[in-house]
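Okay, input.cif now, which holds mmCIF, C-alpha atoms:
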```
data_target
#
loop_
_atom_site.label_atom_id
_atom_site.label_comp_id
_atom_site.auth_asym_id
_atom_site.auth_seq_id
_atom_site.Cartn_x
_atom_site.Cartn_y
_atom_site.Cartn_z
CA MET P 1 -243.97 63.40 179.58
CA THR P 2 -244.68 67.11 179.20
CA THR P 3 -248.18 67.76 180.54
CA LEU P 4 -250.52 70.34 179.07
CA PHE P 5 -250.46 72.11 182.45
CA ARG P 6 -246.67 72.46 182.33
CA LEU P 7 -246.83 73.70 178.75
CA LEU P 8 -249.41 76.37 179.61
CA ILE P 9 -247.43 77.52 182.63
CA ASP P 10 -244.26 77.78 180.54
CA GLU P 11 -246.14 79.80 177.92
CA GLN P 12 -247.13 82.33 180.58
CA GLU P 13 -243.59 82.33 182.03
CA LEU P 14 -244.83 81.22 185.44
CA LYS P 15 -242.43 78.35 186.10
CA GLU P 16 -240.91 80.23 189.05
CA PRO P 17 -243.12 79.30 192.08
CA ARG P 18 -243.43 82.87 193.40
CA ALA P 19 -244.73 84.17 190.07
CA PHE P 20 -247.10 81.22 189.76
CA ARG P 21 -248.43 81.73 193.29
CA LEU P 22 -249.26 85.39 192.63
CA ARG P 23 -251.20 84.55 189.48
CA PHE P 24 -252.93 81.59 191.17
CA ALA P 25 -254.03 83.79 194.08
CA GLU P 26 -255.46 86.32 191.63
CA GLN P 27 -257.43 83.64 189.80
CA ALA P 28 -258.64 82.16 193.10
CA ARG P 29 -260.03 85.55 194.19
CA LEU P 30 -261.82 86.00 190.86
CA LEU P 31 -263.40 82.54 191.16
CA ALA P 32 -264.36 83.21 194.80
CA GLU P 33 -266.18 86.38 193.73
CA ARG P 34 -267.87 84.65 190.81
CA ASP P 35 -269.08 81.62 192.77
CA GLY P 36 -269.55 83.32 196.15
CA ASP P 37 -267.18 80.84 197.82
CA VAL P 38 -265.06 82.76 200.34
CA ARG P 39 -262.81 79.76 201.01
CA LEU P 40 -261.21 80.15 197.61
CA ALA P 41 -260.15 83.76 198.21
CA THR P 42 -257.28 82.73 200.51
CA LEU P 43 -256.23 79.58 198.66
CA GLU P 44 -252.46 79.56 198.08
CA PRO P 45 -250.38 76.44 197.26
CA ALA P 46 -246.94 75.85 198.76
CA GLU P 47 -243.81 76.02 196.59
CA SER P 48 -243.26 72.28 196.90
CA THR P 49 -246.83 71.68 195.77
CA ILE P 50 -246.39 73.94 192.75
CA GLU P 51 -243.22 72.12 191.74
CA ALA P 52 -244.96 68.74 192.13
CA TRP P 53 -247.77 69.97 189.85
CA TYR P 54 -245.28 71.33 187.32
CA TYR P 55 -243.37 68.05 187.02
CA GLY P 56 -246.51 65.90 186.99
CA GLN P 57 -245.72 64.26 190.31
CA ARG P 58 -248.99 65.22 191.97
CA ARG P 59 -252.48 66.37 191.06
CA PRO P 60 -254.19 69.28 192.84
CA ASN P 61 -256.92 68.82 195.45
CA ARG P 62 -260.56 69.69 194.88
CA ASP P 63 -260.48 73.48 195.50
CA ALA P 64 -257.21 73.98 193.61
CA ARG P 65 -258.66 71.99 190.72
CA ARG P 66 -261.56 74.41 190.48
CA VAL P 67 -259.19 77.36 190.26
CA LEU P 68 -256.95 75.75 187.64
CA VAL P 69 -259.86 74.63 185.46
CA ALA P 70 -261.47 78.11 185.57
CA TRP P 71 -258.12 79.79 184.92
CA LEU P 72 -256.67 77.60 182.16
CA GLY P 73 -259.91 76.49 180.50
CA TYR P 74 -259.32 72.72 180.48
CA SER P 75 -260.42 69.81 182.66
CA ILE P 76 -257.93 68.37 185.16
CA ASP P 77 -257.59 65.21 183.10
CA ARG P 78 -256.69 67.29 180.05
CA LEU P 79 -254.26 69.47 182.03
CA TRP P 80 -252.46 66.46 183.48
CA GLY P 81 -252.49 64.61 180.18
CA PRO P 82 -249.79 64.90 177.50
CA ALA P 83 -249.37 68.23 175.74
CA PRO P 84 -250.53 68.26 172.08
CA GLU P 85 -247.68 67.09 169.86
CA THR P 86 -248.05 69.98 167.42
CA ILE P 87 -247.50 72.51 170.19
CA VAL P 88 -244.51 70.63 171.62
CA ALA P 89 -242.99 70.46 168.16
CA PHE P 90 -243.55 74.18 167.69
CA GLN P 91 -241.76 74.94 170.95
CA GLY P 92 -238.92 72.72 169.83
CA GLY P 93 -238.25 75.07 166.93
CA LEU P 94 -239.22 72.98 163.90
CA SER P 95 -238.88 74.97 160.71
CA ASP P 96 -242.30 73.96 159.37
CA CYS P 97 -244.40 75.48 162.15
CA GLY P 98 -247.40 76.93 160.32
CA GLU P 99 -249.90 74.28 161.50
CA ALA P 100 -248.57 74.34 165.05
CA GLU P 101 -248.69 78.13 165.19
CA LEU P 102 -252.29 78.11 163.96
CA HIS P 103 -253.16 75.44 166.52
CA GLU P 104 -251.58 77.57 169.25
CA MET P 105 -253.48 80.69 168.24
CA ARG P 106 -256.76 78.76 168.21
CA ARG P 107 -256.05 77.35 171.66
CA GLY P 108 -255.26 80.84 172.91
CA ALA P 109 -258.50 82.13 171.42
CA GLU P 110 -260.47 79.39 173.21
CA VAL P 111 -258.87 80.23 176.56
CA ALA P 112 -259.52 83.94 176.01
CA ALA P 113 -263.15 83.22 175.14
CA ARG P 114 -263.63 81.27 178.35
CA ARG P 115 -262.06 84.11 180.32
CA ALA P 116 -264.39 86.62 178.62
CA ARG P 117 -267.34 84.39 179.47
CA ASP P 118 -266.37 84.31 183.14
CA PHE P 119 -265.96 88.08 183.16
CA ALA P 120 -269.33 88.72 181.54
CA MET P 121 -271.18 86.32 183.82
CA GLY P 122 -269.52 87.76 186.91
CA ALA P 123 -269.98 91.39 185.88
CA GLU P 124 -273.77 91.20 185.64
CA GLN P 125 -274.28 91.48 189.38
CA GLY P 126 -277.64 92.03 191.01
CA GLN P 127 -279.73 90.82 188.11
CA LEU P 128 -279.26 88.47 185.20
CA GLY P 129 -278.36 90.28 182.00
CA ASP P 130 -279.07 89.54 178.36
CA GLU P 131 -275.42 88.74 177.60
CA THR P 132 -275.35 85.84 180.03
CA LEU P 133 -278.52 84.33 178.59
CA GLY P 134 -277.14 84.92 175.10
CA TYR P 135 -273.95 83.08 176.00
CA LEU P 136 -275.86 80.01 177.20
CA GLN P 137 -278.13 80.06 174.15
CA ASP P 138 -275.07 80.18 171.89
CA GLU P 139 -273.48 77.29 173.78
CA VAL P 140 -276.60 75.15 173.47
CA ARG P 141 -276.73 75.69 169.72
CA ARG P 142 -273.03 75.05 169.26
CA ILE P 143 -273.03 71.89 171.38
CA ALA P 144 -276.19 70.56 169.74
CA GLU P 145 -274.69 71.04 166.29
CA ALA P 146 -271.30 69.56 167.19
CA TYR P 147 -272.43 66.59 169.28
CA PRO P 148 -273.34 64.09 166.54
CA LYS P 149 -270.36 65.03 164.37
CA GLN P 150 -267.43 65.19 166.81
CA PRO P 151 -265.97 62.73 169.32
CA LEU P 152 -267.20 63.54 172.82
CA PRO P 153 -263.82 64.63 174.28
CA MET P 154 -263.83 67.62 171.94
CA ILE P 155 -266.97 69.12 173.53
CA PHE P 156 -267.44 67.45 176.92
CA ASP P 157 -265.68 70.12 179.01
CA ASP P 158 -267.73 72.90 177.42
CA LEU P 159 -270.94 70.93 177.91
CA ALA P 160 -270.20 70.33 181.59
CA ALA P 161 -269.28 73.99 182.14
CA ALA P 162 -272.42 75.28 180.42
CA GLN P 163 -274.66 72.92 182.40
CA SER P 164 -273.02 74.05 185.63
CA ASP P 165 -273.50 77.70 184.65
CA ALA P 166 -277.19 77.12 183.95
CA PHE P 167 -277.72 75.41 187.31
CA ARG P 168 -275.83 78.16 189.15
CA LEU P 169 -277.87 80.93 187.51
CA ILE P 170 -281.17 79.18 188.31
CA GLU P 171 -280.14 78.72 191.93
CA GLY P 172 -278.65 82.22 192.26
CA GLY P 173 -281.95 84.07 192.50
CA ARG P 174 -280.90 86.76 189.99
CA ALA P 175 -283.28 85.81 187.19
CA ARG P 176 -286.63 87.45 186.54
CA PRO P 177 -289.61 85.08 185.96
CA ALA P 178 -289.38 85.21 182.16
CA GLN P 179 -285.62 84.69 182.33
CA LEU P 180 -286.08 81.80 184.75
CA ARG P 181 -288.24 79.98 182.22
CA GLN P 182 -285.55 80.51 179.56
CA LEU P 183 -282.91 79.21 181.96
CA HIS P 184 -284.93 76.06 182.64
CA VAL P 185 -285.25 75.45 178.89
CA LEU P 186 -281.48 75.80 178.51
CA ALA P 187 -280.79 73.67 181.59
CA ALA P 188 -283.08 70.96 180.20
CA LEU P 189 -281.28 70.95 176.85
CA LEU P 190 -277.82 70.91 178.46
CA SER P 191 -278.81 68.17 180.92
CA TRP P 192 -280.30 66.20 178.01
CA HIS P 193 -276.98 66.33 176.18
CA MET P 194 -275.11 65.50 179.39
CA ALA P 195 -277.35 62.46 179.82
CA LYS P 196 -276.51 61.42 176.27
CA ALA P 197 -272.82 61.97 177.03
CA CYS P 198 -272.92 59.75 180.12
CA HIS P 199 -274.79 57.14 178.12
CA ASP P 200 -272.13 57.38 175.41
CA LEU P 201 -269.48 56.91 178.09
CA GLY P 202 -271.11 53.63 179.13
CA ASP P 203 -272.67 54.95 182.37
CA PRO P 204 -276.45 54.44 182.10
CA VAL P 205 -277.00 55.18 185.80
CA SER P 206 -275.55 58.69 185.56
CA ALA P 207 -277.26 59.11 182.21
CA MET P 208 -280.66 58.53 183.80
CA MET P 209 -279.83 60.97 186.61
CA HIS P 210 -279.11 63.72 184.10
CA ALA P 211 -282.19 62.75 182.08
CA ARG P 212 -284.35 63.14 185.17
CA ALA P 213 -282.78 66.55 185.85
CA ALA P 214 -283.63 67.48 182.26
CA GLY P 215 -287.19 66.34 182.90
CA VAL P 216 -287.48 68.53 186.00
CA SER P 217 -286.31 71.60 184.08
CA ALA P 218 -288.63 70.78 181.17
CA GLU P 219 -291.53 70.63 183.60
CA GLN P 220 -290.51 73.90 185.26
CA ALA P 221 -290.31 75.52 181.82
CA GLU P 222 -293.76 74.12 180.93
CA HIS P 223 -292.30 72.88 177.63
CA PRO P 224 -294.15 69.72 176.43
CA THR P 225 -291.77 69.05 173.53
CA LEU P 226 -288.83 69.00 175.92
CA GLY P 227 -290.73 66.55 178.13
CA ALA P 228 -291.31 64.28 175.13
CA LEU P 229 -287.65 64.61 174.15
CA VAL P 230 -286.55 63.51 177.63
CA ASP P 231 -288.81 60.43 177.52
CA GLY P 232 -287.34 59.61 174.12
CA LEU P 233 -283.82 59.76 175.52
CA LYS P 234 -284.79 57.50 178.42
CA SER P 235 -286.09 55.03 175.84
CA LEU P 236 -282.84 55.27 173.86
CA ILE P 237 -280.69 54.72 176.98
CA SER P 238 -282.78 51.66 177.89
CA TYR P 239 -282.64 50.29 174.33
CA TRP P 240 -278.85 50.33 174.09
CA SER P 241 -278.64 48.85 177.57
CA GLY P 242 -280.68 45.86 176.37
CA ARG P 243 -283.77 46.76 178.44
CA GLY P 244 -286.43 46.45 175.75
CA ALA P 245 -289.43 46.65 178.09
CA ASP P 246 -288.18 49.92 179.64
CA ALA P 247 -287.39 51.32 176.21
CA LEU P 248 -290.94 50.52 175.07
CA PHE P 249 -292.45 52.06 178.21
CA TYR P 250 -290.63 55.39 177.90
CA ALA P 251 -291.35 55.72 174.17
CA ARG P 252 -295.07 55.17 174.79
CA LYS P 253 -295.05 57.47 177.81
CA GLY P 254 -293.60 60.32 175.78
CA ALA P 255 -296.25 59.94 173.08
CA THR P 256 -299.16 59.48 175.49
CA GLU P 257 -298.34 62.32 177.88
CA HIS P 258 -297.44 64.84 175.17
CA PRO P 259 -299.99 64.38 172.36
CA GLN P 260 -299.83 68.09 171.44
CA VAL P 261 -296.24 67.77 170.16
CA HIS P 262 -296.03 68.16 166.36
CA GLY P 263 -292.29 68.54 165.72
CA THR P 264 -290.10 65.65 164.59
CA VAL P 265 -289.93 64.37 168.17
CA SER P 266 -293.44 63.06 167.47
CA VAL P 267 -291.89 60.82 164.76
CA TRP P 268 -288.94 59.80 166.93
CA LEU P 269 -291.10 58.36 169.71
CA PRO P 270 -292.97 55.72 167.63
CA SER P 271 -289.69 54.92 165.85
CA LEU P 272 -288.15 54.26 169.27
CA GLU P 273 -291.19 52.16 170.15
CA ALA P 274 -290.71 50.08 167.01
CA ARG P 275 -287.04 49.37 167.79
CA ALA P 276 -287.83 48.51 171.40
CA ALA P 277 -290.60 46.13 170.35
CA ALA P 278 -288.27 44.50 167.83
CA LEU P 279 -285.71 43.99 170.58
CA LEU P 280 -288.45 42.11 172.46
CA GLY P 281 -289.40 40.12 169.36
CA ASP P 282 -292.85 41.72 169.16
CA SER P 283 -293.30 42.11 165.41
CA ALA P 284 -296.90 43.36 165.58
CA THR P 285 -296.03 46.26 167.90
CA ALA P 286 -292.90 47.00 165.90
CA SER P 287 -294.88 47.22 162.65
CA ALA P 288 -297.47 49.43 164.32
CA GLY P 289 -294.70 51.75 165.51
CA ILE P 290 -293.25 52.06 162.01
CA GLU P 291 -296.68 52.85 160.58
CA GLN P 292 -297.38 55.38 163.32
CA ALA P 293 -294.06 57.11 162.63
CA ALA P 294 -294.97 57.41 158.93
CA ARG P 295 -298.35 58.95 159.81
CA LYS P 296 -296.74 61.40 162.23
CA ARG P 297 -294.22 62.41 159.56
CA ASP P 298 -297.06 63.66 157.36
CA LEU P 299 -298.29 65.87 160.22
CA VAL P 300 -294.94 67.36 161.27
CA GLU P 301 -294.78 71.07 161.98
CA PRO P 302 -291.12 71.94 162.76
CA ASP P 303 -290.71 73.44 166.23
CA ASP P 304 -287.99 75.21 168.23
CA LEU P 305 -286.04 71.98 168.79
CA ASP P 306 -286.02 71.19 165.08
CA GLU P 307 -284.69 74.67 164.45
CA ILE P 308 -281.73 74.00 166.77
CA GLY P 309 -281.02 70.70 165.01
CA GLY P 310 -278.37 68.15 165.91
CA LEU P 311 -279.75 65.32 168.02
CA LEU P 312 -282.82 67.44 168.79
CA THR P 313 -284.37 66.78 165.40
CA PHE P 314 -285.35 63.50 163.71
CA PRO P 315 -284.99 63.78 159.93
CA VAL P 316 -286.38 61.35 157.36
CA GLU P 317 -282.90 59.83 156.90
CA LYS P 318 -282.84 58.80 160.53
CA GLU P 319 -286.39 57.46 160.38
CA LEU P 320 -285.27 55.16 157.54
CA TYR P 321 -282.25 54.02 159.58
CA TYR P 322 -284.53 53.18 162.53
CA ARG P 323 -286.97 51.28 160.29
CA ILE P 324 -284.20 49.14 158.82
CA GLU P 325 -282.79 48.41 162.27
CA THR P 326 -286.25 47.34 163.42
CA GLU P 327 -286.52 44.89 160.50
CA VAL P 328 -282.99 43.60 161.15
CA LEU P 329 -283.76 42.94 164.82
CA LEU P 330 -286.92 41.02 163.89
CA GLY P 331 -284.94 38.74 161.57
CA PRO P 332 -285.18 37.65 157.91
CA ASP P 333 -288.86 36.70 158.16
CA ALA P 334 -289.71 40.36 158.78
CA HIS P 335 -287.82 41.60 155.73
CA SER P 336 -289.85 43.05 152.88
CA VAL P 337 -288.99 42.96 149.19
CA THR P 338 -287.45 46.42 149.56
CA THR P 339 -285.44 45.82 152.75
CA SER P 340 -282.12 45.34 150.96
CA THR P 341 -282.61 48.39 148.75
CA ASP P 342 -283.80 50.50 151.69
CA ALA P 343 -280.78 49.44 153.78
CA GLU P 344 -278.51 50.63 150.97
CA ARG P 345 -280.46 53.90 150.83
CA ALA P 346 -279.98 54.36 154.58
CA VAL P 347 -276.21 54.02 154.20
CA ALA P 348 -276.18 56.37 151.21
CA ALA P 349 -278.13 58.93 153.24
CA PHE P 350 -275.23 59.13 155.72
CA ASN P 351 -272.40 59.16 153.18
CA ASP P 352 -272.33 62.96 152.85
CA ARG P 353 -270.46 64.28 155.87
CA SER P 354 -271.39 67.85 155.02
CA ALA P 355 -275.11 67.09 155.34
CA ARG P 356 -276.87 68.68 158.31
CA HIS P 357 -278.22 65.31 159.48
CA TRP P 358 -274.89 63.45 159.25
CA ALA P 359 -273.62 61.68 162.37
CA PHE P 360 -270.74 59.23 162.46
CA GLY P 361 -272.59 56.96 164.87
CA ASP P 362 -275.67 56.78 162.66
CA GLU P 363 -273.56 56.07 159.59
CA ALA P 364 -271.86 53.20 161.41
CA GLY P 365 -275.20 51.85 162.65
CA ALA P 366 -276.69 51.99 159.15
CA ARG P 367 -273.66 50.16 157.76
CA CYS P 368 -273.94 47.39 160.36
CA ASN P 369 -277.63 47.00 159.49
CA LEU P 370 -276.77 46.70 155.79
CA ALA P 371 -274.16 44.07 156.61
CA MET P 372 -276.81 42.11 158.54
CA VAL P 373 -279.28 42.29 155.65
CA ARG P 374 -276.66 41.07 153.20
CA LEU P 375 -275.66 38.22 155.50
CA HIS P 376 -279.28 37.12 155.65
CA ASP P 377 -279.06 36.90 151.84
CA ASP P 378 -275.74 34.99 152.10
CA GLU P 379 -273.86 37.90 150.48
CA LEU P 380 -270.65 37.62 152.52
CA GLU P 381 -268.48 39.90 150.39
CA GLY P 382 -271.23 42.52 150.27
CA ALA P 383 -271.54 42.37 154.05
CA SER P 384 -267.79 42.78 154.38
CA ASP P 385 -267.84 45.82 152.09
CA ALA P 386 -270.61 47.43 154.16
CA LEU P 387 -268.80 46.75 157.43
CA ARG P 388 -265.26 47.72 156.39
CA PRO P 389 -265.57 51.50 157.08
CA VAL P 390 -266.93 50.68 160.54
CA LEU P 391 -264.03 48.39 161.40
CA ASP P 392 -261.63 51.06 160.16
CA LEU P 393 -262.98 53.69 162.58
CA PRO P 394 -260.30 55.09 164.93
CA PRO P 395 -260.59 53.90 168.55
CA ILE P 396 -261.93 57.28 169.73
CA GLN P 397 -265.06 56.69 167.63
CA ARG P 398 -265.58 53.03 168.48
CA ASN P 399 -268.29 53.70 171.00
CA ARG P 400 -270.43 51.24 172.87
CA GLY P 401 -273.35 51.47 170.47
CA ILE P 402 -271.19 50.92 167.41
CA VAL P 403 -269.49 48.00 169.13
CA ILE P 404 -272.90 46.50 169.98
CA SER P 405 -273.99 46.91 166.35
CA ALA P 406 -270.78 45.24 165.13
CA GLN P 407 -271.28 42.40 167.60
CA ARG P 408 -274.73 41.81 166.11
CA VAL P 409 -272.96 41.28 162.79
CA GLN P 410 -270.55 38.92 164.51
CA ARG P 411 -273.43 36.80 165.83
CA ALA P 412 -275.01 36.77 162.39
CA LEU P 413 -271.72 35.56 160.92
CA THR P 414 -271.69 32.71 163.41
CA LEU P 415 -275.19 31.61 162.37
CA SER P 416 -274.87 32.24 158.63
CA THR P 417 -274.57 29.46 156.07
CA VAL P 418 -271.28 31.09 154.99
CA ARG P 419 -269.81 30.90 158.52
CA THR P 420 -267.08 28.45 157.50
CA ALA P 421 -265.69 30.72 154.79
CA VAL P 422 -262.25 32.21 155.46
CA LEU P 423 -263.58 35.76 155.09
CA ALA P 424 -266.33 35.08 157.66
CA GLN P 425 -263.77 33.78 160.14
CA GLU P 426 -261.52 36.79 159.57
CA LEU P 427 -264.41 39.21 160.11
CA ARG P 428 -265.44 37.49 163.34
CA GLU P 429 -261.89 37.72 164.65
CA GLU P 430 -261.60 41.38 163.67
CA ILE P 431 -264.88 42.27 165.35
CA ALA P 432 -263.74 40.44 168.49
CA GLN P 433 -260.78 42.86 168.64
CA PHE P 434 -262.90 45.88 167.74
CA SER P 435 -263.90 47.11 171.19
CA PRO P 436 -261.58 49.94 172.33
CA SER P 437 -259.75 49.84 175.65
CA THR P 438 -260.91 53.38 176.41
CA PRO P 439 -264.52 54.40 177.25
CA PRO P 440 -266.92 55.00 174.34
CA HIS P 441 -267.52 58.52 173.09
CA ALA P 442 -270.75 58.75 171.05
CA LEU P 443 -273.31 56.06 170.50
CA PRO P 444 -275.42 55.94 167.41
CA SER P 445 -278.84 57.25 168.27
#
```
For this file, produce the structure as structure tokens.
Amino acid sequence: MTTLFRLLIDEQELKEPRAFRLRFAEQARLLAERDGDVRLATLEPAESTIEAWYYGQRRPNRDARRVLVAWLGYSIDRLWGPAPETIVAFQGGLSDCGEAELHEMRRGAEVAARRARDFAMGAEQGQLGDETLGYLQDEVRRIAEAYPKQPLPMIFDDLAAAQSDAFRLIEGGRARPAQLRQLHVLAALLSWHMAKACHDLGDPVSAMMHARAAGVSAEQAEHPTLGALVDGLKSLISYWSGRGADALFYARKGATEHPQVHGTVSVWLPSLEARAAALLGDSATASAGIEQAARKRDLVEPDDLDEIGGLLTFPVEKELYYRIETEVLLGPDAHSVTTSTDAERAVAAFNDRSARHWAFGDEAGARCNLAMVRLHDDELEGASDALRPVLDLPPIQRNRGIVISAQRVQRALTLSTVRTAVLAQELREEIAQFSPSTPPHALPS
């Protein structure tokens, strides 16, 4: 297997160990200056080590990893993974190389951008400059916009790097008071997304750690909406982990401790409360949460988080999706005369992938809810039609939340009056094989 690391080294004509060592030493010195870590300045791998890296026989140790990641712009797992097929094909001299050449230029542009970022952040010595803050603000906006639309591996490295940069700048003592508040806002938003990422990867413990870090930064920034947003995320993490009581507690905490919030987060919190109550079988509290969300919607005044968008805003389409899921969790007795129609509307709301609110996880969740509603009405073929696009998702998008939603359909199939039908048996078997062997990448929210 040709690793991405080997490919990048070949591109730079550094296969010869002496040439590689000179470039590595240069990059190590730059990183030492940037991070203030003098140990890195003298780091120099042996020839045998370089050859072992090149042929994929060994991975670098901790300090060497830091240098290679900063230099080449990819995580160690990416560097020691297989090289992209389009690039390998391009190097092999295929005649139709337009797509591969474009891919290569884009990759080169990304690496150059990371190098420019490192230069700018290292050049502003003594005090924190506007360009560094601007870079982090741009990253927050880009990550927030991309997160619900792209599989996590496409943005995770950038998210981790930006969060690390924010922490380093806060701890570095270079920021003025007004800048420090801005940095805490950015650190809170990046830690919030990192918490969501860990949650999406099936690690609720790490997710809560990052959520608490986000809460600390929100408090330091004196930003009530961020505090409410963090409580909402804690509720979401608890909900998908099956901890209904915790999910209910955090949703109520966010609303109670931050009553001055008037952005769409104020609608999200009672919607989260409704879902959590439904998970506990508390129909009265669930109904009250749905009604409270509707009242809050009428009072919404978009704020700075709504302006950023992505997962930081809670549009009406998502409110409908949450309401239907609440009714589904409570069972057929909680369904209204419009439940079936509203479930179809929720799916239709997420059919347009160009819409600002679209998220592949929310579309899948809405489809699973529609399948459940149709099963409750003994509409097996309709349920199958709703579920088919979910079962056809590629493994990289079959995250834990989507799998959980599909498994709810599987249980409903087992209990349905149509459970003995051939189609019902086939769907149950397909759902049983649905969970990917790799970690999940982006839960529905």
Subject >> Contacts of segment 240-244 of chain P within 9 Å, all atoms listed in the file, excl. fewer than 3 positions in-chain, as a PyMOL selection string >> reply: chain P and resi 199+204+235-237+247-249+275-280+400-401+404+443
**OP:** Taking (-260.0, 68.7, 190.1) in the file's own coordinates, collect the residues within 12 Å, counting all atoms listed in the file, and hand them back as a list in words.
**Re:**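 The residues that fall inside the cut-off are Arg58, Arg59, Pro60, Asn61, Arg62, Asp63, Ala64, Arg65, Arg66, Val67, Leu68, Val69, Ala70, Tyr74, Ser75, Ile76, Asp77, Arg78, Leu79 and Trp80 of chain P.
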Subject >> Output of the PyMOL selection byres ((chain P and resi 163) around 9), listed as a PyMOL selection string >> reply: chain P and resi 136+158-162+164-168+186-191+194
**OP:** Tell me which protein, DNA and RNA residues are within 10 Å of His357 of chain P, counting all atoms listed in the file, leaving out same-chain ones fewer than 2 positions away, and put them as a list in words.
**Re:** Glu145, Pro148, Lys149, Gly309, Gly310, Leu311, Thr313, Phe314, Pro315, Val316, Glu317, Lys318, Ala349, Phe350, Asp352, Arg353, Ser354, Ala355, Ala359 and Asp362 of chain P
Go ahead and write the residues just picked, C-alpha atoms, as an mmCIF file, in the coordinates of the input.
```cif
data_model
loop_
_atom_site.group_PDB
_atom_site.id
_atom_site.type_symbol
_atom_site.label_atom_id
_atom_site.label_comp_id
_atom_site.auth_asym_id
_atom_site.auth_seq_id
_atom_site.Cartn_x
_atom_site.Cartn_y
_atom_site.Cartn_z
ATOM 1 C CA GLU P 145 -274.690 71.040 166.290
ATOM 2 C CA PRO P 148 -273.340 64.090 166.540
ATOM 3 C CA LYS P 149 -270.360 65.030 164.370
ATOM 4 C CA GLY P 309 -281.020 70.700 165.010
ATOM 5 C CA GLY P 310 -278.370 68.150 165.910
ATOM 6 C CA LEU P 311 -279.750 65.320 168.020
ATOM 7 C CA THR P 313 -284.370 66.780 165.400
ATOM 8 C CA PHE P 314 -285.350 63.500 163.710
ATOM 9 C CA PRO P 315 -284.990 63.780 159.930
ATOM 10 C CA VAL P 316 -286.380 61.350 157.360
ATOM 11 C CA GLU P 317 -282.900 59.830 156.900
ATOM 12 C CA LYS P 318 -282.840 58.800 160.530
ATOM 13 C CA ALA P 349 -278.130 58.930 153.240
ATOM 14 C CA PHE P 350 -275.230 59.130 155.720
ATOM 15 C CA ASP P 352 -272.330 62.960 152.850
ATOM 16 C CA ARG P 353 -270.460 64.280 155.870
ATOM 17 C CA SER P 354 -271.390 67.850 155.020
ATOM 18 C CA ALA P 355 -275.110 67.090 155.340
ATOM 19 C CA ALA P 359 -273.620 61.680 162.370
ATOM 20 C CA ASP P 362 -275.670 56.780 162.660
#
```
**OP:** Give me, please, the distance in Å between atom CA of Arg34 of chain P and atom CA of Ile50 of chain P, quoted to one decimal.
**Re:**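 Distance reported for this atom pair: 24.1 Å.
Straight-line separation from atom CA of Ala348 of chain P to atom CA of Glu379 of chain P: 18.6 Å.
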Subject >> Among listed residues P:Ala284, P:Leu30, P:Leu7, P:Ala255, nearest Lys296 of chain P (using only C-alpha atoms) >> reply: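 Of P:Ala284, P:Leu30, P:Leu7, P:Ala255, the one nearest Lys296 of chain P is P:Ala255, counting only C-alpha atoms.
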Applying the PyMOL selection byres ((chain P and resi 340-344) around 7) to the file I just gave you, which residues come out? Please list them as a compact mmCIF listing (two decimals) with C-alpha atoms, keeping the file's coordinate frame.
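Written out: out.txt:
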```
# COMPACT_ATOMS: atom_id res chain seq x y z
CA ILE P 324 -284.20 49.14 158.82
CA THR P 338 -287.45 46.42 149.56
CA THR P 339 -285.44 45.82 152.75
CA ARG P 345 -280.46 53.90 150.83
CA ALA P 346 -279.98 54.36 154.58
CA VAL P 347 -276.21 54.02 154.20
CA ALA P 348 -276.18 56.37 151.21
CA ASN P 369 -277.63 47.00 159.49
CA LEU P 370 -276.77 46.70 155.79
CA VAL P 373 -279.28 42.29 155.65
```
Original post:
atom CA of Arg174 of chain P and atom CA of Val38 of chain P, how far apart in Å?
Top reply: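 Between these atoms lies a distance of 19.3 Å.
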Subject >> Evaluate the PyMOL selection byres ((chain P and resi 256-266) around 9) and report residues as a ChimeraX atom specification >> reply: /P:224-225,227-229,232,251-255,267-270,293,296-297,299-306,312-315
**OP:** Would you kindly return, as a ChimeraX atom specification, each protein, DNA or RNA residue with an atom no farther than 9 Å from any atom of segment 179-181 of chain P, considering all atoms listed in the file and excluding same-chain residues fewer than 3 positions away?
**Re:** /P:128,133,169-170,174-176,184-186,217,220-222
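Considering the residues P:Leu201, P:Ala366, P:Val230, P:Ala274 and counting all atoms listed in the file, Ala213 of chain P has its shortest atom-to-atom contact with P:Val230.
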Original post:
Which residue out of P:Leu375, P:Val216, P:Ala41, P:Ala52 has the minimum interatomic distance to Pro17 of chain P when all atoms listed in the file are used?
Top reply: P:Ala52
Original post:
Contacts of Lys15 of chain P at 12 Å or less, counting all atoms listed in the file, minus same-chain residues fewer than 3 places along, as a PyMOL selection string?
Top reply: chain P and resi 5-12+18-23+47+50-55
**OP:** May I have the residues at most 10 Å from (-267.1, 50.8, 162.8) in the file's coordinates, counting all atoms listed in the file, as a list of chain:residue names?
**Re:**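 Looking at atoms near the point gives P:Phe360, P:Gly361, P:Glu363, P:Ala364, P:Gly365, P:Arg367, P:Cys368, P:Ala386, P:Leu387, P:Arg388, P:Pro389, P:Val390, P:Leu391, P:Asp392, P:Leu393, P:Pro394, P:Pro395, P:Gln397, P:Arg398, P:Asn399, P:Gly401, P:Ile402, P:Val403, P:Ser405, P:Ala406, P:Ile431, P:Phe434, P:Ser435.
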**OP:** Determine, counting all atoms listed in the file, which protein, DNA and RNA residues have an atom within 9 Å of an atom of Cys198 of chain P; residues of the same chain fewer than 6 positions away are not included. Present the result as a list in words.
**Re:**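 The residues satisfying every condition are Pro204, Val205, Ser206, Ala207, Met208, His210 and His441 of chain P.
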